[in-house]
Amino acid sequence: MTSLPAGSHDPHANDAAPYGGGDPYADYRGGDFPFTSLVDLADRRLGAGVIAANDEFFAERENLLTPTPAVFDPERFGHKGKIMDGWETRRRRGADAEHPFPADHEHDWALIRLAAPGVVRGIVVDTAHFRGNYPQQISVEATALPGSPGPRELLADDVKWQELVPRTPVRGHAANGFAVDAERRFTHLRLKQHPDGGIARLRVHGEVVPDPEWLDVLGTLDLASVLHGGTVEDASDRFYSSPTQLIRPDLSRKMDDGWENRRRRVRGTNDWVRFRLAARGEIRALEIDTAYLKGNSAGWAALYGCDAESADPADASAWCEILPRTALQPDTPHRFRLPRAVTATHVRLDVFPDGGLARMRVHGDLTDSGRAALVRRFDELSG
């Protein structure tokens with residue numbers, strides 16, 4: 001968790017140096033946070049949104065959830081001042097000339113709707129390019145409300161908010177990461193900056209916890225979809241892009257919007273991704289899409305299933321073939337109807353020998369035991 005240097009009470013100790021020209025990320029202070037391998041529950045491409053903010057004078061609140069890194073143009077100014085790629089509020093002032101600074105409790109806030117309800121495991125508050133105008137401290141709270149509440153419902157007096165990140169100093173022009181240990185299902189966050197300032201990006205990593213009643217209404221569903229609770233457990237290679245993109249519900253829009261591994265040079269080996277499905281299900285059909293991957297798509301693919309509480313990758317007897325090794329075409333959607341339903345809790349996608357894929361869908365139905373497990377987890381995390 002980010003904090004001021006030991007023994008320091010300097011309010012400017014976490015400032016970054018003023019921009020000196022050249023690459024604006026050259027002196028960016030990044031971070032290696034283990035929870036970032038989990039899905040970003042606040043990914044705008046999955047349906048997340050910043051639904052309200054008390055102030056966005058210099059830069060719009062929606063920039064917080066832009067999926068790409070923040071950009072910086074030193075020459076870009078508008079009628080209100082420097083145009084920043086983030087959420088930036090005006091400078092707060094005190095009550096009068098004798099009290100020019102804002103009171104300690106005063107702060108700016110933004111309300112974030114998560115793309116899918118879930119358990120939050122870690123949060124990154126990224127202040128890229130906010131070098132001397134970042135908030136001195138931040139805090140994050142979360143709540144769970146049904147339906148699609150607006151700002152009025154979320155800010156009502158009877159809504160209970162749970163603190164995920166206490167009021168904590170952050171660094172300017174840096175990735176500020178915070179591990180979270182709240183074992184509850186949340187739908188919305190409230191991000192506070194004390195007292196004011198700018199934040200470039202917000203990432204909220206965790207595990208999706210779907211509503212079983214909604215899945216019942218859908219009937220046949222994509223058991224691997226990240227929005228239904230599917231996750232990547234492991235992969236042979238993440239060199240160019242994350243394999244989690246394979247199970248996003250949208251369509252790929254460009255080449256790096258899927259999973260691409262490096263070129264494999266060792267004969268007799270291949271690349272693979274292992275997934276945990278939303279719950280135990282009966283798989284009936286598959287889709288494998290190589291959209292935008294032309295000279296670098298996978299040549300062949302195969303899919304294997306495992307029906308167990310935990311999938312042991314070393315136990316070959318635990319895995320059954322769902323789709324035999326099959327040739328793939330570049331930049332093409334492929335659909336496969338299975339000759340019979342296959343019961344599984346996990347699947348492993350193998351590509352031969354290497355190459356990229358855009359999306360994978362695993363269509364099927366929840367088994368009775370799979371649905372019961374989802375209901376138990378939903379109830380445990382919604383109490």
# chains A, B, ... in the order shown; residues from 1 in each chain; ligands from 1

$ residues_around --residues "segment 243-256 of chain A" --least-positions-apart "4" --cutoff "6 Å" --atoms "only C-alpha atoms" --output "NGL selection string"
:A and (225-226 or 232 or 292-293 or 358-360)

$ write_last_selection --atoms "C-alpha atoms" --output "PDB file, in the first residue's frame"
ATOM      1  CA  SER A 225     -17.401 -15.605 -20.096  1.00  0.00           C
ATOM      2  CA  VAL A 226     -15.722 -13.281 -17.647  1.00  0.00           C
ATOM      3  CA  VAL A 232      -8.070 -17.783 -16.470  1.00  0.00           C
ATOM      4  CA  TYR A 292      -7.678  -9.441 -36.871  1.00  0.00           C
ATOM      5  CA  LEU A 293      -5.018 -12.156 -36.505  1.00  0.00           C
ATOM      6  CA  ALA A 358      -9.292 -13.241 -30.406  1.00  0.00           C
ATOM      7  CA  ARG A 359     -12.165 -14.850 -28.478  1.00  0.00           C
ATOM      8  CA  MET A 360     -13.425 -18.193 -27.204  1.00  0.00           C
TER       9      MET A 360
END

$ residues_around --residues "Asp331 of chain A" --least-positions-apart "4" --cutoff "8 Å" --atoms "only C-alpha atoms" --output "mmCIF file with N, CA and C atoms, in the first residue's frame"
data_model
loop_
_atom_site.group_PDB
_atom_site.id
_atom_site.type_symbol
_atom_site.label_atom_id
_atom_site.label_comp_id
_atom_site.auth_asym_id
_atom_site.auth_seq_id
_atom_site.Cartn_x
_atom_site.Cartn_y
_atom_site.Cartn_z
ATOM 1 N N ASP A 289 -12.550 -17.610 -32.292
ATOM 2 C CA ASP A 289 -12.480 -16.503 -33.244
ATOM 3 C C ASP A 289 -11.029 -16.038 -33.385
ATOM 4 N N THR A 290 -10.561 -15.906 -34.619
ATOM 5 C CA THR A 290 -9.201 -15.405 -34.873
ATOM 6 C C THR A 290 -9.233 -14.005 -35.494
ATOM 7 N N ALA A 291 -10.266 -13.224 -35.217
ATOM 8 C CA ALA A 291 -10.443 -11.899 -35.818
ATOM 9 C C ALA A 291 -9.190 -11.033 -35.681
ATOM 10 N N TYR A 292 -8.807 -10.374 -36.777
ATOM 11 C CA TYR A 292 -7.678 -9.441 -36.871
ATOM 12 C C TYR A 292 -6.308 -10.130 -36.774
ATOM 13 N N LEU A 293 -6.276 -11.417 -36.537
ATOM 14 C CA LEU A 293 -5.018 -12.156 -36.505
ATOM 15 C C LEU A 293 -4.870 -12.857 -37.846
ATOM 16 N N LYS A 294 -3.922 -12.415 -38.644
ATOM 17 C CA LYS A 294 -3.812 -12.889 -40.025
ATOM 18 C C LYS A 294 -2.547 -13.704 -40.253
ATOM 19 N N SER A 297 -2.053 -15.880 -36.552
ATOM 20 C CA SER A 297 -3.089 -16.644 -35.862
ATOM 21 C C SER A 297 -2.586 -18.056 -35.566
#

$ atom_distance --atom1 "atom CA of Ala372 of chain A" --atom2 "atom CA of Arg280 of chain A"
9.7 Å

$ closest_residue --among "A:Gly31, A:Gly132, A:Gly198, A:Gly172" --to "Ala59 of chain A" --atoms "only C-alpha atoms"
A:Gly198

$ closest_atom_pairs --of "segment 144-206 of chain A" --to "segment 36-49 of chain A" --cutoff "8 Å" --atoms "only C-alpha atoms" --output "Markdown table"
| residue | atom | partner | partner_atom | distance |
| --- | --- | --- | --- | --- |
| A:Leu202 | CA | A:Ala42 | CA | 7.7 |
| A:Arg203 | CA | A:Asp40 | CA | 6.0 |
| A:Val204 | CA | A:Asp40 | CA | 5.2 |
| A:His205 | CA | A:Asp40 | CA | 4.4 |
| A:Gly206 | CA | A:Leu38 | CA | 5.5 |

$ atom_distance --atom1 "atom CA of Ser317 of chain A" --atom2 "atom CA of Leu349 of chain A"
16.5 Å

$ residues_around --residues "Asp85 of chain A" --least-positions-apart "2" --cutoff "12 Å" --atoms "only C-alpha atoms" --output "PyMOL selection string"
chain A and resi 56+58-74+76-77+82-83+87-88+126-130+198-201

$ atom_distance --atom1 "atom CA of Arg131 of chain A" --atom2 "atom CA of Gly94 of chain A"
23.1 Å
